[in-house]
Amino acid sequence: MAHDGNRADLVVVGAGVAGLTAAIHAAELGLSVIVATKGSRRTPGSDTSTRYAQGGIAVVDPTDPDDSVDAHLADTLAAGAGHTDPLAARSILADGPDAVAALIAWGARFDAHLDGTLLRTREGGHSVRRIIHAGGDATGAEVERALWEALRPHMVTGRVGVRAETMVIAVATDAEGRAFGVTARDGTGRAVTIHAPSVLLATGGIGQIYAATTNPEGSMGDGVALALRAGAAVTDLEFVQFHPTMLHTAGARGRRTLISEAVRGEGARLVDAAGVSITAGVHPLGDLAPRDVVAHAVHSAMMASGRSCMYLDARDVPDVAQRFPTVTAGVRAIGLDPRTDLIPIVPGAHYLCGGVVTGERGDTTVDGLFAAGEVARTGLHGANRLASNSLLEGLVMGRRVAQAAADRAGVPTAPVGCSPRFDVEMLTRAARCDRTVLQDAMSAGAGVTRDAAGLAAVADLVAGAPVRPLRSFADVADAAATMVAGAVVAAALHRDESRGCHRRADRPLTDPVSRLDWARIGDPDAVAPGIDGMHWVAATPTESPVVA
C-alpha cells in the first residue's frame with residue numbers, strides 16, 4: 001500500500017545504507033514507508049557517511065577454502081578487544097553473504113576479475129583478503145547509488161515517500177512510552193508529526209562533534225540524542241574510533257579526506273618524516289593491526305616528535321593512482337602526488353562503536369523504536385570496529401528491521417492529532433554549546449587519548465551550556481551534539497580503564513574482564529555528568545554503563 005500523507009507502516013530517519021536497505025526491503029514486503037532525511041531534494045543521499053565509505057564491505061566468500069564465518073568472527077572478536085557480543089556478531093556476519101547478494105541483485109556493481117568473481121582486498125585486523133570494493137576506493141558511493149536506484153520504483157508507485165531537507169526533532173511517544181512516529185521540521189521550519197507503528201533511527205555517527213573527522217557535516221549525533229530523549233538505552237559511547245590515516249591539512253576543520261586502510265592492505269607503510277616505520281614492534285600485524293592500535297601508534301609518534309602529522313608512504317603500491325582514484329584526487333588537491341610524495345596523515349574521528357542498544361532485529365528498549373547502522377549498538381563492534389564491518393552491518397540490520405516492521409504493520413498507533421509525549425519547549429529552546437568551542441573541547445579532552453582532567457573539562461563545558469532558541473537546523477544539530485558530547489565524556493569518565501579505542505592516559509591498564517565497578521549502577525543519585533536526568537543503569541555484567 002502507498003503511504004498516506006503523514007502516516008505509513010515504517011518511518012526511516014536517515015538515508016544511508018541501513019535506512020535505505022530497510023526502506024527498500026520493507027517496500028518489497030508490501031509496507032508503506034516514509035524516509036526523512038536532512039539531505040537536499042536534488043541529492044538527498046549525498047551527505048551520508050555511506051557516500052564517503054572508501055574501503056569496502058567485509059564479507060566471507062562461501063567458496064573460499066581459506067575463509068569462513070568462524071575466521072571472520074575471530075578477527076572481529078580480536079579487534080573488539082574483549083567487548084564484542086560473540087552471538088550477535090556471528091549472526092550478523094553469517095547473514096552477510098545473503099545481504100550482499102541482495103545488494104548486487106538491486107544493481108550494485110563491485111570490482112571483479114575478468115571471469116566475474118569479485119576482487120577482494122585486505123584491511124587492518126583481517127587475516128585474509130575478504131573486502132569487496134567498487135570503483136577502487138569508492139565503494140560507499142556505489143552502494144548509495146545502487147540503493148537509490150532500487151528505491152525509485154517504489155517512490156514512483158507511492159509505496160515509499162522521501163521527505164528531503166527534513167530534520168527529525170523528536171521520536172513521538174504515547175503516554176505509555178511507546179513510539180508512534182516522529183515529529184520533524186521541514187525546510188520552512190514547520191513542525192509535523194509523521195505517524196507509524198515502527199520508527200527506524202538510521203542517522204549515522206557523531207564525528208562532527210570533533211574538530212577533525214572523516215564524517216560528513218550532518219553527523220552530529222542526532223540519532224543518539226533522539227533515542228535519549230525518547231527514553232531508549234544507549235551504551236559504549238566511550239568507544240569512538242579514530243581512523244589512523246586521515247589526510248592532514250593544516251588549519252582545516254570538519255570533514256577531511258580519508259586515506260583508505262586498503263592502501264596499506266596493498267602495501268603502503270606508515271612512517272615518520274625520516275621514513276622510519278612507526279608501527280614496527282607495536283603489533284604482530286604491523287601497519288595492518290586493528291585501528292585502535294594503529295591510531296594510537298600514529299598519535300604517540302606525533303606526541304613524541306612534536307610534529308603535527310605522520311606520513312603514509314604509498315610510492316611502492318602498484319598503480320596507486322588507478323587503484324585508489326578517490327584517495328589520489330584528495331592528495332592531489334593539497335598539491336601532492338601519492339606516486340611520488342609521502343602523504344601527511346593524522347588520526348581523525350571516524351566511527352562510533354557504541355550507540356542505541358538493540359536486539360537482533362534492531363529493536364530498542366522503547367517499543368516500536370528501532371536503530372540500525374552506526375547509530376546502533378548491536379554488539380558487533382565491541383570496543384573497536386573491525387575495518388569494513390560497518391557497511392555489512394547496515395545491510396544485514398536494515399533487512400532485519402524491515403522484517404520486524406512487517407510483523408508490526410497491524411499494530412495500532414496513536415490517532416492523527418494526538419500530542420506526542422515530550423516537552424514542547426524542546427522544539428524551540430535547548431542547551432547548546434557553540435559548535436566550534438565544543439568541537440575543539442572534544443578534540444582536546446576526548447580524543448585518541450583521554451584523562452580524567454580533560455574529560456571533566458568537557459563535562460563542565462556541557463553542563464554550563466546556555467539554553468538558547470532553536471531557530472534553524474544548525475541550532476537543532478548543535479543541541480543534539482551538546483547532549484551527545486556530554487554522554488560520551490560521561491561514559492569515558494566512568495570507564496576507568498583503557499580498552500580498544502578508549503585510551504585513558506591516566507588509566508593505561510585494561511581490566512581482565514570487560515566490566516566496570518558496578519557500585520554506581522542503579523543508584524538513583526548517580527546522574528551522568530552533564531546529562532541532567534539521565535541515570536546509569538546496568539544491562540549485563542559484560543556491558544559498559546547504559547544511559548537511559
# chains A, B, ... in the order shown; residues from 1 in each chain; ligands from 1
call {"tool": "closest_atom_pairs", "arguments": {"of": "region 242-276 of chain A", "to": "region 291-311 of chain A", "cutoff": "12 Å", "atoms": "only C-alpha atoms", "output": "Markdown table"}}
result
| residue | atom | partner | partner_atom | distance |
| --- | --- | --- | --- | --- |
| A:Phe242 | CA | A:Ala295 | CA | 6.4 |
| A:His243 | CA | A:Ala295 | CA | 6.3 |
| A:Pro244 | CA | A:Ala295 | CA | 4.1 |
| A:Thr245 | CA | A:Ala295 | CA | 7.8 |
| A:Met246 | CA | A:Cys309 | CA | 9.9 |
| A:Leu247 | CA | A:Cys309 | CA | 9.2 |
| A:His248 | CA | A:Cys309 | CA | 6.7 |
| A:Thr249 | CA | A:Cys309 | CA | 9.4 |
| A:Ala250 | CA | A:Ser308 | CA | 8.5 |
| A:Gly251 | CA | A:Ser308 | CA | 10.8 |
| A:Ile259 | CA | A:Tyr311 | CA | 11.0 |
| A:Ser260 | CA | A:Arg291 | CA | 11.7 |
| A:Glu261 | CA | A:Arg291 | CA | 9.0 |
| A:Arg264 | CA | A:Val294 | CA | 11.4 |
| A:Ala268 | CA | A:Tyr311 | CA | 10.2 |
| A:Arg269 | CA | A:Tyr311 | CA | 8.3 |
| A:Leu270 | CA | A:Tyr311 | CA | 5.9 |
| A:Val271 | CA | A:Tyr311 | CA | 5.3 |
| A:Asp272 | CA | A:Met310 | CA | 5.3 |
| A:Ala273 | CA | A:Met310 | CA | 6.8 |
| A:Ala274 | CA | A:Tyr311 | CA | 9.6 |
| A:Gly275 | CA | A:Tyr311 | CA | 8.3 |
| A:Val276 | CA | A:Tyr311 | CA | 9.9 |
call {"tool": "select_by_dssp", "arguments": {"residues": "region 420-479 of chain A", "states": "helix (DSSP H, G or I)", "output": "compact mmCIF listing (two decimals) with N, CA, C and O atoms, in the first residue's frame"}}
result
# COMPACT_ATOMS: atom_id res chain seq x y z
N VAL A 424 7.20 20.50 24.83
CA VAL A 424 7.11 21.30 23.62
C VAL A 424 8.23 22.34 23.57
O VAL A 424 8.70 22.71 22.49
N GLU A 425 8.72 22.77 24.75
CA GLU A 425 9.80 23.75 24.76
C GLU A 425 11.04 23.22 24.07
O GLU A 425 11.85 23.99 23.53
N MET A 426 11.19 21.86 24.08
CA MET A 426 12.35 21.26 23.43
C MET A 426 12.39 21.60 21.95
O MET A 426 13.44 21.61 21.32
N LEU A 427 11.23 21.89 21.36
CA LEU A 427 11.17 22.19 19.94
C LEU A 427 11.66 23.62 19.66
O LEU A 427 11.93 23.96 18.52
N ARG A 435 29.32 25.56 18.42
CA ARG A 435 29.82 24.36 17.74
C ARG A 435 31.34 24.29 17.73
O ARG A 435 31.93 23.25 18.05
N THR A 436 31.99 25.38 17.36
CA THR A 436 33.45 25.37 17.28
C THR A 436 34.07 25.13 18.65
O THR A 436 35.03 24.36 18.79
N VAL A 437 33.54 25.76 19.67
CA VAL A 437 34.06 25.58 21.03
C VAL A 437 33.90 24.13 21.46
O VAL A 437 34.82 23.52 22.03
N LEU A 438 32.74 23.53 21.18
CA LEU A 438 32.51 22.13 21.55
C LEU A 438 33.45 21.20 20.80
O LEU A 438 34.04 20.28 21.40
N GLN A 439 33.60 21.40 19.51
CA GLN A 439 34.48 20.55 18.71
C GLN A 439 35.91 20.60 19.21
O GLN A 439 36.58 19.57 19.35
N ASP A 440 36.40 21.80 19.48
CA ASP A 440 37.77 21.93 19.97
C ASP A 440 37.94 21.28 21.34
O ASP A 440 38.96 20.64 21.61
N ALA A 441 36.92 21.43 22.20
CA ALA A 441 36.99 20.83 23.53
C ALA A 441 36.99 19.31 23.44
O ALA A 441 37.75 18.63 24.16
N MET A 442 36.15 18.74 22.58
CA MET A 442 36.11 17.29 22.43
C MET A 442 37.42 16.75 21.86
O MET A 442 37.92 15.70 22.30
N SER A 443 37.99 17.45 20.90
CA SER A 443 39.26 17.01 20.32
C SER A 443 40.37 17.04 21.35
O SER A 443 41.23 16.15 21.39
N ALA A 444 40.37 18.06 22.21
CA ALA A 444 41.41 18.19 23.21
C ALA A 444 41.21 17.24 24.39
O ALA A 444 42.17 16.67 24.91
N GLY A 445 39.95 17.05 24.81
CA GLY A 445 39.70 16.31 26.04
C GLY A 445 39.21 14.90 25.88
O GLY A 445 39.27 14.10 26.82
N ALA A 452 41.19 11.99 33.06
CA ALA A 452 40.07 12.49 33.85
C ALA A 452 39.95 14.01 33.78
O ALA A 452 38.85 14.55 33.69
N ALA A 453 41.09 14.69 33.80
CA ALA A 453 41.05 16.16 33.80
C ALA A 453 40.48 16.69 32.50
O ALA A 453 39.63 17.60 32.50
N GLY A 454 40.93 16.14 31.39
CA GLY A 454 40.44 16.61 30.10
C GLY A 454 38.97 16.30 29.90
O GLY A 454 38.21 17.13 29.38
N LEU A 455 38.56 15.12 30.30
CA LEU A 455 37.15 14.74 30.18
C LEU A 455 36.27 15.59 31.08
O LEU A 455 35.18 16.02 30.69
N ALA A 456 36.75 15.86 32.30
CA ALA A 456 35.97 16.68 33.22
C ALA A 456 35.80 18.09 32.68
O ALA A 456 34.75 18.72 32.88
N ALA A 457 36.81 18.60 31.97
CA ALA A 457 36.71 19.94 31.40
C ALA A 457 35.59 20.00 30.36
O ALA A 457 34.83 20.98 30.30
N VAL A 458 35.48 18.94 29.55
CA VAL A 458 34.40 18.91 28.56
C VAL A 458 33.05 18.77 29.27
O VAL A 458 32.06 19.41 28.88
N ALA A 459 33.00 17.94 30.28
CA ALA A 459 31.75 17.76 31.03
C ALA A 459 31.29 19.08 31.64
O ALA A 459 30.10 19.41 31.62
N ASP A 460 32.23 19.87 32.16
CA ASP A 460 31.88 21.18 32.73
C ASP A 460 31.36 22.12 31.64
O ASP A 460 30.41 22.89 31.87
N LEU A 461 31.99 22.07 30.47
CA LEU A 461 31.54 22.91 29.37
C LEU A 461 30.10 22.59 28.99
O LEU A 461 29.26 23.48 28.82
N VAL A 462 29.81 21.29 28.88
CA VAL A 462 28.46 20.86 28.51
C VAL A 462 27.46 21.22 29.60
O VAL A 462 26.35 21.70 29.33
N ALA A 463 27.85 20.98 30.85
CA ALA A 463 26.94 21.26 31.95
C ALA A 463 26.60 22.75 32.02
O ALA A 463 25.51 23.13 32.46
N PHE A 473 18.03 24.52 11.51
CA PHE A 473 18.50 23.15 11.56
C PHE A 473 19.85 23.08 12.28
O PHE A 473 20.12 22.14 13.05
N ALA A 474 20.72 24.06 12.03
CA ALA A 474 22.04 24.06 12.67
C ALA A 474 21.92 24.16 14.18
O ALA A 474 22.67 23.51 14.92
N ASP A 475 20.97 24.97 14.66
CA ASP A 475 20.76 25.09 16.10
C ASP A 475 20.31 23.75 16.70
O ASP A 475 20.77 23.35 17.78
N VAL A 476 19.38 23.07 16.01
CA VAL A 476 18.91 21.77 16.49
C VAL A 476 20.06 20.77 16.53
O VAL A 476 20.21 20.00 17.48
N ALA A 477 20.88 20.80 15.48
CA ALA A 477 22.03 19.89 15.43
C ALA A 477 23.02 20.19 16.56
O ALA A 477 23.57 19.27 17.18
N ASP A 478 23.23 21.47 16.85
CA ASP A 478 24.15 21.83 17.93
C ASP A 478 23.63 21.38 19.29
O ASP A 478 24.40 20.97 20.17
N ALA A 479 22.32 21.45 19.48
CA ALA A 479 21.72 20.97 20.73
C ALA A 479 21.93 19.46 20.88
O ALA A 479 22.25 18.96 21.97
call {"tool": "residues_around", "arguments": {"residues": "region 160-173 of chain A", "least_positions_apart": "4", "cutoff": "7 Å", "atoms": "only C-alpha atoms", "output": "CSV table (one decimal) with all heavy atoms, in the first residue's frame"}}
result
chain,number,residue,atom,x,y,z
A,2,ALA,N,0.3,2.3,-0.5
A,2,ALA,CA,1.1,3.6,-0.5
A,2,ALA,C,1.0,4.3,0.8
A,2,ALA,O,0.1,4.1,1.6
A,2,ALA,CB,0.5,4.5,-1.6
A,3,HIS,N,2.0,5.1,1.1
A,3,HIS,CA,1.9,5.9,2.4
A,3,HIS,C,0.8,6.9,2.2
A,3,HIS,O,0.5,7.4,1.1
A,3,HIS,CB,3.3,6.5,2.7
A,3,HIS,CG,3.7,7.6,1.7
A,3,HIS,ND1,3.4,8.9,1.8
A,3,HIS,CD2,4.4,7.5,0.5
A,3,HIS,CE1,3.8,9.6,0.8
A,3,HIS,NE2,4.5,8.8,0.0
A,27,ALA,N,9.4,-2.1,1.5
A,27,ALA,CA,8.5,-1.9,0.3
A,27,ALA,C,8.3,-3.2,-0.4
A,27,ALA,O,7.2,-3.5,-0.8
A,27,ALA,CB,9.1,-0.8,-0.6
A,32,SER,N,4.2,0.4,3.5
A,32,SER,CA,4.4,1.8,3.1
A,32,SER,C,5.4,2.4,4.0
A,32,SER,O,5.6,2.1,5.2
A,32,SER,CB,3.0,2.6,3.3
A,32,SER,OG,2.6,2.5,4.7
A,33,VAL,N,6.3,3.3,3.4
A,33,VAL,CA,7.4,3.8,4.1
A,33,VAL,C,7.6,5.3,3.8
A,33,VAL,O,7.3,5.8,2.7
A,33,VAL,CB,8.7,3.1,3.6
A,33,VAL,CG1,10.0,3.6,4.4
A,33,VAL,CG2,8.6,1.6,3.7
A,34,ILE,N,8.0,6.0,4.8
A,34,ILE,CA,8.4,7.4,4.7
A,34,ILE,C,9.8,7.5,5.1
A,34,ILE,O,10.2,7.1,6.3
A,34,ILE,CB,7.5,8.4,5.4
A,34,ILE,CG1,6.1,8.4,4.9
A,34,ILE,CG2,8.1,9.8,5.4
A,34,ILE,CD1,5.1,9.3,5.6
A,35,VAL,N,10.7,8.1,4.3
A,35,VAL,CA,12.1,8.3,4.6
A,35,VAL,C,12.3,9.8,4.9
A,35,VAL,O,12.0,10.6,4.0
A,35,VAL,CB,13.1,7.8,3.5
A,35,VAL,CG1,14.5,8.1,3.8
A,35,VAL,CG2,12.9,6.3,3.2
A,36,ALA,N,12.8,10.1,6.1
A,36,ALA,CA,13.1,11.5,6.4
A,36,ALA,C,14.6,11.7,6.4
A,36,ALA,O,15.3,11.0,7.1
A,36,ALA,CB,12.5,11.9,7.8
A,37,THR,N,15.0,12.7,5.6
A,37,THR,CA,16.5,12.9,5.6
A,37,THR,C,16.8,14.4,5.5
A,37,THR,O,16.0,15.2,5.0
A,37,THR,CB,17.1,12.3,4.3
A,37,THR,OG1,18.5,12.7,4.2
A,37,THR,CG2,16.3,12.6,3.1
A,38,LYS,N,17.9,14.8,6.1
A,38,LYS,CA,18.3,16.2,6.1
A,38,LYS,C,18.9,16.6,4.7
A,38,LYS,O,19.1,17.7,4.5
A,38,LYS,CB,19.4,16.4,7.2
A,38,LYS,CG,18.8,16.3,8.6
A,38,LYS,CD,19.9,16.6,9.6
A,38,LYS,CE,21.0,15.5,9.6
A,38,LYS,NZ,21.9,15.7,10.7
A,39,GLY,N,19.2,15.6,3.9
A,39,GLY,CA,19.8,15.8,2.6
A,39,GLY,C,18.9,16.7,1.7
A,39,GLY,O,17.7,16.8,1.9
A,40,SER,N,19.5,17.3,0.7
A,40,SER,CA,18.8,18.2,-0.3
A,40,SER,C,17.9,17.4,-1.1
A,40,SER,O,18.0,16.2,-1.3
A,40,SER,CB,19.8,18.9,-1.1
A,40,SER,OG,20.4,18.0,-2.1
A,41,ARG,N,16.9,18.1,-1.6
A,41,ARG,CA,15.9,17.5,-2.5
A,41,ARG,C,16.5,16.9,-3.8
A,41,ARG,O,16.1,15.9,-4.3
A,41,ARG,CB,14.8,18.4,-2.8
A,41,ARG,CG,13.8,18.7,-1.7
A,41,ARG,CD,12.7,19.6,-2.1
A,41,ARG,NE,11.7,19.7,-1.0
A,41,ARG,CZ,11.8,20.5,0.0
A,41,ARG,NH1,12.8,21.3,0.2
A,41,ARG,NH2,10.8,20.5,1.0
A,44,PRO,N,19.4,13.8,-2.1
A,44,PRO,CA,19.1,13.5,-0.7
A,44,PRO,C,20.1,12.6,0.0
A,44,PRO,O,20.2,12.6,1.2
A,44,PRO,CB,17.7,12.9,-0.8
A,44,PRO,CG,17.6,12.4,-2.1
A,44,PRO,CD,18.3,13.3,-3.0
A,154,HIS,N,9.8,2.2,-6.1
A,154,HIS,CA,8.8,2.2,-5.0
A,154,HIS,C,8.4,3.7,-4.7
A,154,HIS,O,7.2,3.9,-4.3
A,154,HIS,CB,9.4,1.6,-3.8
A,154,HIS,CG,9.9,0.2,-4.0
A,154,HIS,ND1,9.0,-0.8,-4.2
A,154,HIS,CD2,11.1,-0.4,-3.9
A,154,HIS,CE1,9.6,-2.0,-4.3
A,154,HIS,NE2,10.9,-1.7,-4.2
A,155,MET,N,9.2,4.6,-5.1
A,155,MET,CA,8.8,6.0,-4.9
A,155,MET,C,7.8,6.4,-6.0
A,155,MET,O,6.8,7.1,-5.8
A,155,MET,CB,10.0,7.0,-5.0
A,155,MET,CG,11.0,6.8,-3.9
A,155,MET,SD,12.6,7.6,-4.2
A,155,MET,CE,12.1,9.3,-4.3
A,177,GLY,N,4.9,5.5,26.7
A,177,GLY,CA,6.3,5.5,26.2
A,177,GLY,C,6.5,4.7,25.0
A,177,GLY,O,7.7,4.5,24.6
A,178,ARG,N,5.5,4.3,24.3
A,178,ARG,CA,5.6,3.6,23.0
A,178,ARG,C,5.8,4.6,21.8
A,178,ARG,O,5.0,5.6,21.8
A,178,ARG,CB,4.4,2.7,22.8
A,178,ARG,CG,4.3,1.6,23.8
A,178,ARG,CD,3.0,0.9,23.7
A,178,ARG,NE,1.8,1.8,23.9
A,178,ARG,CZ,0.6,1.4,24.1
A,178,ARG,NH1,0.3,0.1,24.2
A,178,ARG,NH2,-0.4,2.3,24.3
A,179,ALA,N,6.7,4.3,20.9
A,179,ALA,CA,6.9,5.1,19.8
A,179,ALA,C,5.7,5.0,18.8
A,179,ALA,O,5.2,3.9,18.5
A,179,ALA,CB,8.2,4.8,19.0
A,180,PHE,N,5.2,6.1,18.3
A,180,PHE,CA,4.1,6.1,17.3
A,180,PHE,C,4.5,7.0,16.1
A,180,PHE,O,3.6,7.3,15.3
A,180,PHE,CB,2.8,6.4,17.8
A,180,PHE,CG,2.6,7.8,18.3
A,180,PHE,CD1,2.2,8.8,17.4
A,180,PHE,CD2,2.7,8.2,19.6
A,180,PHE,CE1,2.0,10.1,17.8
A,180,PHE,CE2,2.5,9.5,20.0
A,180,PHE,CZ,2.1,10.5,19.1
A,181,GLY,N,5.7,7.4,15.9
A,181,GLY,CA,6.1,8.2,14.8
A,181,GLY,C,7.2,9.2,15.2
A,181,GLY,O,7.9,9.0,16.2
A,182,VAL,N,7.3,10.2,14.4
A,182,VAL,CA,8.3,11.2,14.7
A,182,VAL,C,7.7,12.6,14.5
A,182,VAL,O,6.8,12.8,13.7
A,182,VAL,CB,9.6,11.1,13.8
A,182,VAL,CG1,10.3,9.7,14.0
A,182,VAL,CG2,9.2,11.3,12.3
A,183,THR,N,8.3,13.6,15.2
A,183,THR,CA,8.0,15.0,14.9
A,183,THR,C,9.2,15.6,14.2
A,183,THR,O,10.3,15.4,14.7
A,183,THR,CB,7.7,15.7,16.2
A,183,THR,OG1,6.5,15.2,16.8
A,183,THR,CG2,7.4,17.2,15.9
A,184,ALA,N,8.9,16.3,13.1
A,184,ALA,CA,10.0,16.8,12.3
A,184,ALA,C,9.7,18.2,11.9
A,184,ALA,O,8.6,18.7,11.9
A,184,ALA,CB,10.2,15.9,11.1
A,185,ARG,N,10.8,18.9,11.5
A,185,ARG,CA,10.7,20.2,10.9
A,185,ARG,C,11.1,20.1,9.4
A,185,ARG,O,12.1,19.5,9.1
A,185,ARG,CB,11.6,21.2,11.6
A,185,ARG,CG,11.0,21.8,12.9
A,185,ARG,CD,12.0,22.8,13.4
A,185,ARG,NE,11.6,23.5,14.6
A,185,ARG,CZ,12.3,24.3,15.3
A,185,ARG,NH1,13.5,24.7,14.9
A,185,ARG,NH2,11.8,24.9,16.4
A,186,ASP,N,10.3,20.7,8.5
A,186,ASP,CA,10.8,20.8,7.1
A,186,ASP,C,11.6,22.1,6.9
A,186,ASP,O,11.9,22.8,7.8
A,186,ASP,CB,9.5,20.7,6.2
A,186,ASP,CG,8.6,21.9,6.4
A,186,ASP,OD1,9.0,22.9,6.9
A,186,ASP,OD2,7.4,21.7,6.0
A,187,GLY,N,12.0,22.3,5.7
A,187,GLY,CA,12.8,23.4,5.3
A,187,GLY,C,12.2,24.8,5.7
A,187,GLY,O,13.0,25.8,5.8
A,226,LEU,N,18.1,11.7,19.8
A,226,LEU,CA,16.6,11.3,19.7
A,226,LEU,C,16.3,10.1,20.6
A,226,LEU,O,15.3,10.1,21.2
A,226,LEU,CB,16.3,11.0,18.2
A,226,LEU,CG,16.3,12.2,17.2
A,226,LEU,CD1,16.2,11.7,15.8
A,226,LEU,CD2,15.1,13.1,17.5
A,230,ALA,N,13.8,10.0,23.9
A,230,ALA,CA,12.7,9.1,23.9
A,230,ALA,C,12.7,8.0,25.0
A,230,ALA,O,11.8,7.3,25.2
A,230,ALA,CB,12.6,8.3,22.5
A,420,PRO,N,2.3,14.2,21.0
A,420,PRO,CA,3.5,13.4,21.4
A,420,PRO,C,3.8,13.8,22.9
A,420,PRO,O,3.6,14.9,23.4
A,420,PRO,CB,4.6,13.8,20.5
A,420,PRO,CG,3.9,14.4,19.3
A,420,PRO,CD,2.7,15.1,19.8
A,421,ARG,N,4.4,12.8,23.6
A,421,ARG,CA,4.8,12.9,25.0
A,421,ARG,C,6.2,13.5,25.1
A,421,ARG,O,7.2,12.7,25.3
A,421,ARG,CB,4.7,11.6,25.7
A,421,ARG,CG,4.9,11.7,27.2
A,421,ARG,CD,4.8,10.3,27.8
A,421,ARG,NE,5.8,9.4,27.4
A,421,ARG,CZ,7.0,9.3,27.9
A,421,ARG,NH1,7.3,10.0,29.0
A,421,ARG,NH2,7.8,8.4,27.4
A,473,PHE,N,18.0,24.5,11.5
A,473,PHE,CA,18.5,23.1,11.6
A,473,PHE,C,19.8,23.1,12.3
A,473,PHE,O,20.1,22.1,13.0
A,473,PHE,CB,18.7,22.6,10.2
A,473,PHE,CG,17.4,22.1,9.5
A,473,PHE,CD1,16.2,22.4,10.1
A,473,PHE,CD2,17.4,21.4,8.3
A,473,PHE,CE1,15.0,22.0,9.5
A,473,PHE,CE2,16.2,21.0,7.7
A,473,PHE,CZ,15.0,21.3,8.3
call {"tool": "closest_residue", "arguments": {"among": "A:Leu386, A:Leu119, A:Ala321, A:Val13", "to": "Ala74 (chain A)", "atoms": "only C-alpha atoms"}}
result
A:Leu386
call {"tool": "residues_around", "arguments": {"residues": "Ala150 (chain A)", "least_positions_apart": "2", "cutoff": "8 Å", "atoms": "only C-alpha atoms", "output": "list of chain:residue names"}}
result
A:Ile24, A:Trp106, A:Gly107, A:Ala146, A:Leu147, A:Trp148, A:Arg152, A:Pro153, A:His154
call {"tool": "residues_around", "arguments": {"residues": "region 199-212 of chain A", "least_positions_apart": "6", "cutoff": "7 Å", "atoms": "only C-alpha atoms", "output": "count of residues only"}}
result
38
call {"tool": "residues_around", "arguments": {"residues": "Gly80 (chain A)", "least_positions_apart": "2", "cutoff": "9 Å", "atoms": "only C-alpha atoms", "output": "ChimeraX atom specification"}}
result
/A:75-78,82-84,290,380-386,499-500
call {"tool": "write_last_selection", "arguments": {"atoms": "N, CA, C and O atoms", "output": "short mmCIF file (atom, residue, chain, number, x, y, z; two decimals), in the first residue's frame"}}
result
data_model
loop_
_atom_site.label_atom_id
_atom_site.label_comp_id
_atom_site.auth_asym_id
_atom_site.auth_seq_id
_atom_site.Cartn_x
_atom_site.Cartn_y
_atom_site.Cartn_z
N ASP A 75 38.48 -12.60 13.76
CA ASP A 75 39.09 -11.29 13.50
C ASP A 75 38.27 -10.18 14.16
O ASP A 75 38.83 -9.22 14.71
N THR A 76 36.96 -10.30 14.10
CA THR A 76 36.07 -9.30 14.70
C THR A 76 36.23 -9.27 16.21
O THR A 76 36.31 -8.19 16.82
N LEU A 77 36.30 -10.44 16.83
CA LEU A 77 36.48 -10.52 18.27
C LEU A 77 37.84 -9.98 18.70
O LEU A 77 37.95 -9.30 19.73
N ALA A 78 38.87 -10.26 17.92
CA ALA A 78 40.20 -9.75 18.25
C ALA A 78 40.23 -8.23 18.19
O ALA A 78 40.79 -7.57 19.07
N GLY A 82 37.78 -7.75 23.45
CA GLY A 82 37.10 -8.43 24.54
C GLY A 82 35.75 -7.86 24.91
O GLY A 82 35.17 -8.23 25.93
N HIS A 83 35.20 -6.99 24.07
CA HIS A 83 33.94 -6.33 24.40
C HIS A 83 32.84 -6.63 23.38
O HIS A 83 31.74 -6.10 23.47
N THR A 84 33.14 -7.46 22.40
CA THR A 84 32.17 -7.82 21.37
C THR A 84 31.22 -8.90 21.89
O THR A 84 31.62 -9.78 22.66
N PRO A 290 44.72 -3.76 14.18
CA PRO A 290 43.41 -3.12 14.34
C PRO A 290 43.55 -1.60 14.47
O PRO A 290 44.58 -1.09 14.91
N LEU A 380 28.26 -5.98 17.64
CA LEU A 380 29.21 -6.45 16.64
C LEU A 380 30.60 -5.84 16.83
O LEU A 380 31.61 -6.52 16.69
N HIS A 381 30.66 -4.56 17.15
CA HIS A 381 31.94 -3.86 17.11
C HIS A 381 32.73 -3.89 18.41
O HIS A 381 33.95 -3.70 18.39
N GLY A 382 32.05 -4.11 19.53
CA GLY A 382 32.77 -4.13 20.79
C GLY A 382 33.45 -2.80 21.07
O GLY A 382 32.88 -1.73 20.88
N ALA A 383 34.71 -2.87 21.51
CA ALA A 383 35.45 -1.67 21.87
C ALA A 383 36.22 -1.07 20.70
O ALA A 383 36.90 -0.06 20.85
N ASN A 384 36.13 -1.69 19.54
CA ASN A 384 36.86 -1.20 18.37
C ASN A 384 36.35 -1.94 17.14
O ASN A 384 36.33 -3.16 17.10
N ARG A 385 35.91 -1.19 16.13
CA ARG A 385 35.32 -1.81 14.94
C ARG A 385 36.39 -2.39 14.02
O ARG A 385 37.38 -1.74 13.72
N LEU A 386 36.14 -3.61 13.56
CA LEU A 386 36.98 -4.20 12.52
C LEU A 386 36.67 -3.54 11.19
O LEU A 386 35.50 -3.35 10.83
N ARG A 499 40.70 0.38 26.92
CA ARG A 499 40.22 -0.79 26.18
C ARG A 499 39.87 -0.35 24.76
O ARG A 499 39.13 0.61 24.56
N GLY A 500 40.39 -1.08 23.76
CA GLY A 500 40.06 -0.75 22.38
C GLY A 500 40.37 0.70 22.06
O GLY A 500 41.46 1.21 22.34
#
call {"tool": "select_by_dssp", "arguments": {"residues": "region 166-225 of chain A", "states": "strand (DSSP E or B)", "output": "PyMOL selection string"}}
result
chain A and resi 167-173+179-185+191-195+198-201+212-213
call {"tool": "write_last_selection", "arguments": {"atoms": "C-alpha atoms", "output": "compact mmCIF listing (two decimals), in the first residue's frame"}}
result
# COMPACT_ATOMS: atom_id res chain seq x y z
CA MET A 167 15.09 17.44 10.45
CA VAL A 168 13.53 14.97 12.86
CA ILE A 169 13.50 16.63 16.28
CA ALA A 170 11.75 14.03 18.42
CA VAL A 171 10.50 10.46 18.46
CA ALA A 172 6.77 10.74 19.16
CA THR A 173 5.79 8.55 22.11
CA ALA A 179 6.85 5.15 19.75
CA PHE A 180 4.14 6.05 17.26
CA GLY A 181 6.10 8.19 14.81
CA VAL A 182 8.35 11.23 14.72
CA THR A 183 7.97 14.98 14.92
CA ALA A 184 10.01 16.81 12.31
CA ARG A 185 10.67 20.23 10.88
CA ALA A 191 6.61 21.10 12.53
CA VAL A 192 4.75 17.96 11.51
CA THR A 193 4.19 14.56 13.15
CA ILE A 194 4.60 11.51 10.91
CA HIS A 195 2.70 8.51 12.32
CA SER A 198 7.65 1.37 13.57
CA VAL A 199 10.34 4.07 13.66
CA LEU A 200 13.89 3.37 12.49
CA LEU A 201 16.79 5.58 13.54
CA ALA A 212 38.61 16.95 12.58
CA THR A 213 36.67 13.99 11.23
